[in-house]
$ cat protein23.cif   # mmCIF, C-alpha atoms and all ligand atoms; chains and numbers go by the auth columns
data_my_file
#
loop_
_atom_site.group_PDB
_atom_site.id
_atom_site.type_symbol
_atom_site.label_atom_id
_atom_site.label_comp_id
_atom_site.label_asym_id
_atom_site.label_seq_id
_atom_site.Cartn_x
_atom_site.Cartn_y
_atom_site.Cartn_z
_atom_site.B_iso_or_equiv
_atom_site.auth_seq_id
_atom_site.auth_asym_id
ATOM 1 C CA MET A 1 61.660 101.650 100.676 0.00 1 R
ATOM 2 C CA ASN A 2 62.640 100.573 97.170 0.00 2 R
ATOM 3 C CA LEU A 3 63.185 96.840 96.937 0.00 3 R
ATOM 4 C CA TRP A 4 64.363 94.666 94.086 0.00 4 R
ATOM 5 C CA THR A 5 61.977 92.942 91.652 0.00 5 R
ATOM 6 C CA PRO A 6 62.001 89.128 91.943 0.00 6 R
ATOM 7 C CA ASP A 7 61.634 88.671 88.169 0.00 7 R
ATOM 8 C CA ALA A 8 64.642 90.933 87.509 0.00 8 R
ATOM 9 C CA TYR A 9 66.670 88.883 89.979 0.00 9 R
ATOM 10 C CA THR A 10 65.610 85.568 88.443 0.00 10 R
ATOM 11 C CA LYS A 11 66.420 86.674 84.910 0.00 11 R
ATOM 12 C CA ALA A 12 69.948 87.764 85.883 0.00 12 R
ATOM 13 C CA TRP A 13 70.482 84.686 88.084 0.00 13 R
ATOM 14 C CA ASN A 14 69.566 82.303 85.255 0.00 14 R
ATOM 15 C CA PHE A 15 71.681 84.225 82.744 0.00 15 R
ATOM 16 C CA ALA A 16 74.694 84.147 85.091 0.00 16 R
ATOM 17 C CA ALA A 17 74.213 80.438 85.845 0.00 17 R
ATOM 18 C CA ASP A 18 74.357 79.656 82.114 0.00 18 R
ATOM 19 C CA ALA A 19 77.278 82.025 81.429 0.00 19 R
ATOM 20 C CA HIS A 20 79.434 80.618 84.262 0.00 20 R
ATOM 21 C CA TRP A 21 78.394 76.999 83.662 0.00 21 R
ATOM 22 C CA GLY A 22 81.215 74.602 84.627 0.00 22 R
ATOM 23 C CA GLN A 23 83.327 77.266 86.406 0.00 23 R
ATOM 24 C CA ARG A 24 84.269 76.816 90.077 0.00 24 R
ATOM 25 C CA VAL A 25 84.914 79.271 92.889 0.00 25 R
ATOM 26 C CA PRO A 26 88.761 79.417 92.918 0.00 26 R
ATOM 27 C CA GLY A 27 90.280 77.040 95.453 0.00 27 R
ATOM 28 C CA THR A 28 86.989 75.181 95.997 0.00 28 R
ATOM 29 C CA GLU A 29 84.700 72.635 94.362 0.00 29 R
ATOM 30 C CA ARG A 30 81.745 75.012 94.585 0.00 30 R
ATOM 31 C CA PRO A 31 80.047 76.146 91.386 0.00 31 R
ATOM 32 C CA TYR A 32 80.861 79.749 90.509 0.00 32 R
ATOM 33 C CA ILE A 33 77.231 80.817 90.885 0.00 33 R
ATOM 34 C CA ASN A 34 77.839 80.442 94.640 0.00 34 R
ATOM 35 C CA HIS A 35 80.025 83.544 94.566 0.00 35 R
ATOM 36 C CA LEU A 36 77.409 85.489 92.627 0.00 36 R
ATOM 37 C CA GLY A 37 74.660 84.481 95.049 0.00 37 R
ATOM 38 C CA ASN A 38 76.808 85.684 97.945 0.00 38 R
ATOM 39 C CA VAL A 39 77.523 89.037 96.329 0.00 39 R
ATOM 40 C CA ALA A 40 73.850 89.558 95.476 0.00 40 R
ATOM 41 C CA MET A 41 72.873 88.620 99.034 0.00 41 R
ATOM 42 C CA GLU A 42 75.259 91.236 100.478 0.00 42 R
ATOM 43 C CA VAL A 43 73.843 93.866 98.128 0.00 43 R
ATOM 44 C CA MET A 44 70.257 92.938 98.993 0.00 44 R
ATOM 45 C CA ARG A 45 70.980 93.116 102.704 0.00 45 R
ATOM 46 C CA ALA A 46 72.476 96.575 102.195 0.00 46 R
ATOM 47 C CA ILE A 47 69.461 97.697 100.142 0.00 47 R
ATOM 48 C CA ALA A 48 67.176 96.580 102.974 0.00 48 R
ATOM 49 C CA ALA A 49 69.304 98.647 105.397 0.00 49 R
ATOM 50 C CA THR A 50 69.403 101.715 103.135 0.00 50 R
ATOM 51 C CA PRO A 51 66.033 103.273 102.204 0.00 51 R
ATOM 52 C CA THR A 52 67.788 105.851 99.983 0.00 52 R
ATOM 53 C CA VAL A 53 68.977 103.337 97.371 0.00 53 R
ATOM 54 C CA GLN A 54 67.189 104.478 94.211 0.00 54 R
ATOM 55 C CA GLN A 55 67.710 101.583 91.791 0.00 55 R
ATOM 56 C CA PRO A 56 67.773 98.275 93.652 0.00 56 R
ATOM 57 C CA ASP A 57 67.342 96.250 90.454 0.00 57 R
ATOM 58 C CA LEU A 58 70.435 97.889 88.967 0.00 58 R
ATOM 59 C CA ALA A 59 72.425 96.886 92.054 0.00 59 R
ATOM 60 C CA VAL A 60 71.090 93.328 92.178 0.00 60 R
ATOM 61 C CA GLN A 61 71.454 92.651 88.460 0.00 61 R
ATOM 62 C CA CYS A 62 74.981 94.073 88.365 0.00 62 R
ATOM 63 C CA ALA A 63 75.818 91.900 91.382 0.00 63 R
ATOM 64 C CA LEU A 64 74.678 88.734 89.609 0.00 64 R
ATOM 65 C CA LEU A 65 76.280 89.678 86.294 0.00 65 R
ATOM 66 C CA HIS A 66 79.455 91.393 87.543 0.00 66 R
ATOM 67 C CA ASP A 67 81.872 88.710 86.318 0.00 67 R
ATOM 68 C CA THR A 68 80.184 87.788 83.032 0.00 68 R
ATOM 69 C CA ILE A 69 82.134 90.157 80.769 0.00 69 R
ATOM 70 C CA GLU A 70 85.456 89.539 82.551 0.00 70 R
ATOM 71 C CA ASP A 71 85.258 85.764 82.941 0.00 71 R
ATOM 72 C CA THR A 72 82.940 84.364 80.260 0.00 72 R
ATOM 73 C CA ALA A 73 82.258 84.657 76.532 0.00 73 R
ATOM 74 C CA VAL A 74 79.400 87.112 77.229 0.00 74 R
ATOM 75 C CA THR A 75 79.961 90.539 75.658 0.00 75 R
ATOM 76 C CA TYR A 76 78.954 94.046 76.700 0.00 76 R
ATOM 77 C CA GLU A 77 76.536 94.099 73.739 0.00 77 R
ATOM 78 C CA ARG A 78 74.853 90.903 74.893 0.00 78 R
ATOM 79 C CA VAL A 79 74.380 92.215 78.443 0.00 79 R
ATOM 80 C CA ALA A 80 73.056 95.493 77.022 0.00 80 R
ATOM 81 C CA SER A 81 70.520 93.748 74.790 0.00 81 R
ATOM 82 C CA GLU A 82 69.278 91.500 77.627 0.00 82 R
ATOM 83 C CA PHE A 83 69.402 93.916 80.573 0.00 83 R
ATOM 84 C CA GLY A 84 69.739 97.437 79.165 0.00 84 R
ATOM 85 C CA SER A 85 72.620 99.855 78.810 0.00 85 R
ATOM 86 C CA GLU A 86 72.787 100.927 82.470 0.00 86 R
ATOM 87 C CA VAL A 87 73.339 97.383 83.721 0.00 87 R
ATOM 88 C CA ALA A 88 75.812 96.712 80.901 0.00 88 R
ATOM 89 C CA ALA A 89 77.779 99.886 81.702 0.00 89 R
ATOM 90 C CA GLY A 90 77.896 98.855 85.363 0.00 90 R
ATOM 91 C CA VAL A 91 79.116 95.353 84.555 0.00 91 R
ATOM 92 C CA LEU A 92 81.736 96.756 82.188 0.00 92 R
ATOM 93 C CA ALA A 93 83.057 99.130 84.870 0.00 93 R
ATOM 94 C CA LEU A 94 83.229 96.169 87.273 0.00 94 R
ATOM 95 C CA SER A 95 85.355 94.247 84.738 0.00 95 R
ATOM 96 C CA LYS A 96 89.128 94.521 84.816 0.00 96 R
ATOM 97 C CA ASP A 97 90.748 95.743 81.606 0.00 97 R
ATOM 98 C CA LEU A 98 92.917 92.751 80.760 0.00 98 R
ATOM 99 C CA GLY A 99 94.856 94.877 78.290 0.00 99 R
ATOM 100 C CA LEU A 100 96.468 96.796 81.166 0.00 100 R
ATOM 101 C CA PRO A 101 99.432 95.627 83.262 0.00 101 R
ATOM 102 C CA LYS A 102 98.157 93.569 86.207 0.00 102 R
ATOM 103 C CA GLU A 103 99.125 96.083 88.880 0.00 103 R
ATOM 104 C CA GLU A 104 97.158 98.888 87.194 0.00 104 R
ATOM 105 C CA ARG A 105 93.882 96.998 86.724 0.00 105 R
ATOM 106 C CA MET A 106 92.276 97.616 90.108 0.00 106 R
ATOM 107 C CA ALA A 107 92.935 101.369 90.193 0.00 107 R
ATOM 108 C CA ASP A 108 91.623 101.650 86.637 0.00 108 R
ATOM 109 C CA SER A 109 88.456 99.692 87.447 0.00 109 R
ATOM 110 C CA LEU A 110 87.835 101.729 90.618 0.00 110 R
ATOM 111 C CA GLU A 111 88.123 104.924 88.617 0.00 111 R
ATOM 112 C CA ARG A 112 85.567 103.652 86.092 0.00 112 R
ATOM 113 C CA ILE A 113 83.243 102.403 88.858 0.00 113 R
ATOM 114 C CA ARG A 114 83.341 105.877 90.428 0.00 114 R
ATOM 115 C CA GLN A 115 81.826 107.256 87.213 0.00 115 R
ATOM 116 C CA GLN A 116 78.832 104.917 87.638 0.00 116 R
ATOM 117 C CA PRO A 117 75.781 105.269 89.925 0.00 117 R
ATOM 118 C CA GLY A 118 76.274 104.357 93.603 0.00 118 R
ATOM 119 C CA GLU A 119 74.458 101.055 93.033 0.00 119 R
ATOM 120 C CA VAL A 120 77.487 99.881 91.022 0.00 120 R
ATOM 121 C CA TRP A 121 79.889 100.959 93.772 0.00 121 R
ATOM 122 C CA MET A 122 77.855 98.809 96.149 0.00 122 R
ATOM 123 C CA VAL A 123 78.514 95.729 94.018 0.00 123 R
ATOM 124 C CA LYS A 124 82.288 96.157 94.234 0.00 124 R
ATOM 125 C CA LEU A 125 82.103 96.543 98.023 0.00 125 R
ATOM 126 C CA ALA A 126 79.911 93.431 98.248 0.00 126 R
ATOM 127 C CA ASP A 127 82.231 91.512 95.907 0.00 127 R
ATOM 128 C CA ARG A 128 85.234 92.108 98.139 0.00 128 R
ATOM 129 C CA ILE A 129 83.243 91.332 101.303 0.00 129 R
ATOM 130 C CA SER A 130 82.341 87.996 99.757 0.00 130 R
ATOM 131 C CA ASN A 131 85.960 87.395 98.682 0.00 131 R
ATOM 132 C CA LEU A 132 87.398 87.999 102.149 0.00 132 R
ATOM 133 C CA GLN A 133 86.424 84.556 103.326 0.00 133 R
ATOM 134 C CA GLU A 134 89.235 82.099 104.035 0.00 134 R
ATOM 135 C CA PRO A 135 91.713 82.414 101.129 0.00 135 R
ATOM 136 C CA PRO A 136 92.446 79.450 98.826 0.00 136 R
ATOM 137 C CA ARG A 137 95.114 77.164 100.308 0.00 137 R
ATOM 138 C CA HIS A 138 97.569 77.700 97.482 0.00 138 R
ATOM 139 C CA TRP A 139 97.768 81.470 98.075 0.00 139 R
ATOM 140 C CA ARG A 140 101.100 82.674 99.430 0.00 140 R
ATOM 141 C CA GLN A 141 101.501 85.163 102.251 0.00 141 R
ATOM 142 C CA GLU A 142 102.395 87.965 99.908 0.00 142 R
ATOM 143 C CA LYS A 143 99.299 87.456 97.798 0.00 143 R
ATOM 144 C CA ILE A 144 97.110 87.405 100.909 0.00 144 R
ATOM 145 C CA ARG A 145 98.651 90.645 102.145 0.00 145 R
ATOM 146 C CA ARG A 146 98.268 92.261 98.753 0.00 146 R
ATOM 147 C CA TYR A 147 94.630 91.163 98.585 0.00 147 R
ATOM 148 C CA ARG A 148 93.980 92.735 101.960 0.00 148 R
ATOM 149 C CA ALA A 149 95.708 95.984 100.936 0.00 149 R
ATOM 150 C CA GLU A 150 93.597 96.008 97.789 0.00 150 R
ATOM 151 C CA ALA A 151 90.466 95.633 99.918 0.00 151 R
ATOM 152 C CA GLU A 152 91.512 98.747 101.850 0.00 152 R
ATOM 153 C CA MET A 153 91.895 100.563 98.562 0.00 153 R
ATOM 154 C CA ILE A 154 88.361 99.519 97.529 0.00 154 R
ATOM 155 C CA LEU A 155 86.936 100.653 100.873 0.00 155 R
ATOM 156 C CA GLU A 156 88.696 103.990 100.582 0.00 156 R
ATOM 157 C CA ALA A 157 87.570 104.592 96.988 0.00 157 R
ATOM 158 C CA LEU A 158 83.958 103.399 97.256 0.00 158 R
ATOM 159 C CA GLY A 159 82.990 103.187 100.921 0.00 159 R
ATOM 160 C CA GLU A 160 81.007 106.401 100.868 0.00 160 R
ATOM 161 C CA ALA A 161 78.410 104.765 98.591 0.00 161 R
ATOM 162 C CA ASN A 162 76.889 102.669 101.353 0.00 162 R
ATOM 163 C CA GLU A 163 77.381 102.791 105.087 0.00 163 R
ATOM 164 C CA TRP A 164 76.194 99.242 105.693 0.00 164 R
ATOM 165 C CA LEU A 165 78.593 97.682 103.192 0.00 165 R
ATOM 166 C CA ALA A 166 81.478 99.946 104.205 0.00 166 R
ATOM 167 C CA GLY A 167 81.106 98.848 107.830 0.00 167 R
ATOM 168 C CA ARG A 168 80.908 95.224 106.856 0.00 168 R
ATOM 169 C CA LEU A 169 83.951 95.440 104.580 0.00 169 R
ATOM 170 C CA ARG A 170 85.902 97.181 107.355 0.00 170 R
ATOM 171 C CA ASP A 171 85.092 94.273 109.704 0.00 171 R
ATOM 172 C CA LYS A 172 86.111 91.705 107.078 0.00 172 R
ATOM 173 C CA ILE A 173 89.441 93.456 106.468 0.00 173 R
ATOM 174 C CA VAL A 174 90.219 93.338 110.177 0.00 174 R
ATOM 175 C CA ALA A 175 89.206 89.686 110.429 0.00 175 R
ATOM 176 C CA TYR A 176 91.255 88.781 107.328 0.00 176 R
ATOM 177 C CA GLU A 177 94.440 89.793 109.084 0.00 177 R
ATOM 178 C CA VAL A 178 94.604 86.390 110.728 0.00 178 R
ATOM 179 C CA TYR A 179 95.289 84.719 107.345 0.00 179 R
ATOM 180 C CA GLY A 180 98.241 87.000 106.639 0.00 180 R
ATOM 181 C CA GLU A 181 100.056 85.908 109.783 0.00 181 R
ATOM 182 C CA THR A 182 100.055 82.129 109.719 0.00 182 R
HETATM 183 NI NI NI B . 83.407 88.683 91.885 0.00 1 F
#

$ encode --input "protein23.cif" --output "structure tokens"
Amino acid sequence: MNLWTPDAYTKAWNFAADAHWGQRVPGTERPYINHLGNVAMEVMRAIAATPTVQQPDLAVQCALLHDTIEDTAVTYERVASEFGSEVAAGVLALSKDLGLPKEERMADSLERIRQQPGEVWMVKLADRISNLQEPPRHWRQEKIRRYRAEAEMILEALGEANEWLAGRLRDKIVAYEVYGET
């Protein structure tokens, strides 16, 4: 079984902690790094369940760095110089293109993720699993329903990359229904 390298994890974890310094998980007081730790944990659990994953460090580093280009001042070039072009390409695919209309961003990102190795697909599945916890209190019903529909779209587009994560995301989508009804 291929497992991740602790030093590769630590380097990406520290980089992400600095990049997201001061940011909070939306709707909570938790530091943003909490989200990244959750996503990495989901990916690592899936790697442990999937002996065929070829590049566990690519998956784990992309998990920890997946929001740096989208949400911080960190550039693609910076990620590439620190972590190599494969990780940077993965993180870029996982970043929404803010130049597009809002409703087109997810489909566009999913299309770009599908051009990346399966390890990058795994990160998007893990990201949505982690985001299907109780929604922030200020979210309206329509937003919650849209978020759930988007999760189904992610599962449909990327689920084939990893059985463990696909099953877990399916369960989370079902469980999330309760928030769309209250
Ligand atoms: Ni995320």

$ residues_around --input "protein23.cif" --residues "region 129-138 of chain R" --least-positions-apart "6" --cutoff "8 Å" --atoms "all atoms listed in the file" --output "list in words"
Pro26, Gly27, Thr28, His35, Asn38, Val39, Glu42, Ile144, Arg168, Leu169, Lys172, Ile173, Tyr176 and Tyr179 of chain R

$ residues_near_ligand --input "protein23.cif" --ligand "ligand NI 1 (chain F)" --cutoff "10 Å" --atoms "only C-alpha atoms and all ligand atoms" --output "ChimeraX atom specification"
/R:25,32,35-36,38-39,63-68,70-71,94-95,123-124,126-131

$ resolve_selection --input "protein23.cif" --expression "the PyMOL selection byres (((chain R and resi 110) around 12) and not hetatm)" --output "PDB file with C-alpha atoms, in the coordinates of the input"
ATOM      1  CA  GLY R  90      77.896  98.855  85.363  1.00  0.00           C
ATOM      2  CA  LEU R  92      81.736  96.756  82.188  1.00  0.00           C
ATOM      3  CA  ALA R  93      83.057  99.130  84.870  1.00  0.00           C
ATOM      4  CA  LEU R  94      83.229  96.169  87.273  1.00  0.00           C
ATOM      5  CA  SER R  95      85.355  94.247  84.738  1.00  0.00           C
ATOM      6  CA  LYS R  96      89.128  94.521  84.816  1.00  0.00           C
ATOM      7  CA  ASP R  97      90.748  95.743  81.606  1.00  0.00           C
ATOM      8  CA  GLU R 104      97.158  98.888  87.194  1.00  0.00           C
ATOM      9  CA  ARG R 105      93.882  96.998  86.724  1.00  0.00           C
ATOM     10  CA  MET R 106      92.276  97.616  90.108  1.00  0.00           C
ATOM     11  CA  ALA R 107      92.935 101.369  90.193  1.00  0.00           C
ATOM     12  CA  ASP R 108      91.623 101.650  86.637  1.00  0.00           C
ATOM     13  CA  SER R 109      88.456  99.692  87.447  1.00  0.00           C
ATOM     14  CA  GLU R 111      88.123 104.924  88.617  1.00  0.00           C
ATOM     15  CA  ARG R 112      85.567 103.652  86.092  1.00  0.00           C
ATOM     16  CA  ILE R 113      83.243 102.403  88.858  1.00  0.00           C
ATOM     17  CA  ARG R 114      83.341 105.877  90.428  1.00  0.00           C
ATOM     18  CA  GLN R 115      81.826 107.256  87.213  1.00  0.00           C
ATOM     19  CA  GLN R 116      78.832 104.917  87.638  1.00  0.00           C
ATOM     20  CA  VAL R 120      77.487  99.881  91.022  1.00  0.00           C
ATOM     21  CA  TRP R 121      79.889 100.959  93.772  1.00  0.00           C
ATOM     22  CA  MET R 122      77.855  98.809  96.149  1.00  0.00           C
ATOM     23  CA  VAL R 123      78.514  95.729  94.018  1.00  0.00           C
ATOM     24  CA  LYS R 124      82.288  96.157  94.234  1.00  0.00           C
ATOM     25  CA  LEU R 125      82.103  96.543  98.023  1.00  0.00           C
ATOM     26  CA  GLU R 150      93.597  96.008  97.789  1.00  0.00           C
ATOM     27  CA  ALA R 151      90.466  95.633  99.918  1.00  0.00           C
ATOM     28  CA  MET R 153      91.895 100.563  98.562  1.00  0.00           C
ATOM     29  CA  ILE R 154      88.361  99.519  97.529  1.00  0.00           C
ATOM     30  CA  LEU R 155      86.936 100.653 100.873  1.00  0.00           C
ATOM     31  CA  GLU R 156      88.696 103.990 100.582  1.00  0.00           C
ATOM     32  CA  ALA R 157      87.570 104.592  96.988  1.00  0.00           C
ATOM     33  CA  LEU R 158      83.958 103.399  97.256  1.00  0.00           C
ATOM     34  CA  GLY R 159      82.990 103.187 100.921  1.00  0.00           C
TER      35      GLY R 159
END

$ atom_distance --input "protein23.cif" --atom1 "CA of Thr75 (chain R)" --atom2 "CA of Ala19 (chain R)"
10.6 Å

$ atom_distance --input "protein23.cif" --atom1 "CA of Phe83 (chain R)" --atom2 "CA of Leu100 (chain R)"
27.2 Å

$ residues_around --input "protein23.cif" --residues "Trp164 (chain R)" --least-positions-apart "3" --cutoff "9 Å" --atoms "only C-alpha atoms" --output "list in words"
Arg45, Ala46, Ile47, Ala49, Thr50, Gly167, Arg168 and Leu169 of chain R

$ resolve_selection --input "protein23.cif" --expression "the PyMOL selection byres (((chain R and resi 7-18) around 6) and not hetatm)" --output "list in words"
Thr5, Pro6, Ala19, His20, Trp21, Ile33, Gln61 and Leu65 of chain R

$ atom_distance --input "protein23.cif" --atom1 "CA of Ala88 (chain R)" --atom2 "CA of Ala40 (chain R)"
16.4 Å

$ closest_residue --input "protein23.cif" --among "R:Cys62, R:Val178, R:Ala89, R:Met44" --to "Gln141 (chain R)" --atoms "all atoms listed in the file"
R:Val178

$ resolve_selection --input "protein23.cif" --expression "the PyMOL selection byres (((chain R and resi 52-55) around 10) and not hetatm)" --output "compact mmCIF listing (two decimals) with C-alpha atoms, in the frame of the given file"
# COMPACT_ATOMS: atom_id res chain seq x y z
CA MET R 1 61.66 101.65 100.68
CA ASN R 2 62.64 100.57 97.17
CA LEU R 3 63.18 96.84 96.94
CA TRP R 4 64.36 94.67 94.09
CA ALA R 46 72.48 96.58 102.20
CA ILE R 47 69.46 97.70 100.14
CA ALA R 48 67.18 96.58 102.97
CA ALA R 49 69.30 98.65 105.40
CA THR R 50 69.40 101.72 103.14
CA PRO R 51 66.03 103.27 102.20
CA PRO R 56 67.77 98.28 93.65
CA ASP R 57 67.34 96.25 90.45
CA LEU R 58 70.44 97.89 88.97
CA ALA R 59 72.42 96.89 92.05
CA VAL R 60 71.09 93.33 92.18
CA PRO R 117 75.78 105.27 89.92
CA GLY R 118 76.27 104.36 93.60
CA GLU R 119 74.46 101.06 93.03
CA VAL R 120 77.49 99.88 91.02
CA ALA R 161 78.41 104.76 98.59
CA ASN R 162 76.89 102.67 101.35

$ axis_aligned_box --input "protein23.cif" --around "region 100-107 of chain R" --padding-each-side "5 Å" --output "lines of an AutoDock Vina configuration file"
center_x = 95.9
center_y = 97.5
center_z = 85.7
size_x = 17.2
size_y = 17.8
size_z = 19.0

$ closest_residue --input "protein23.cif" --among "R:Glu152, R:Tyr147, R:Gln23, R:Ala166" --to "Glu103 (chain R)" --atoms "all atoms listed in the file"
R:Tyr147
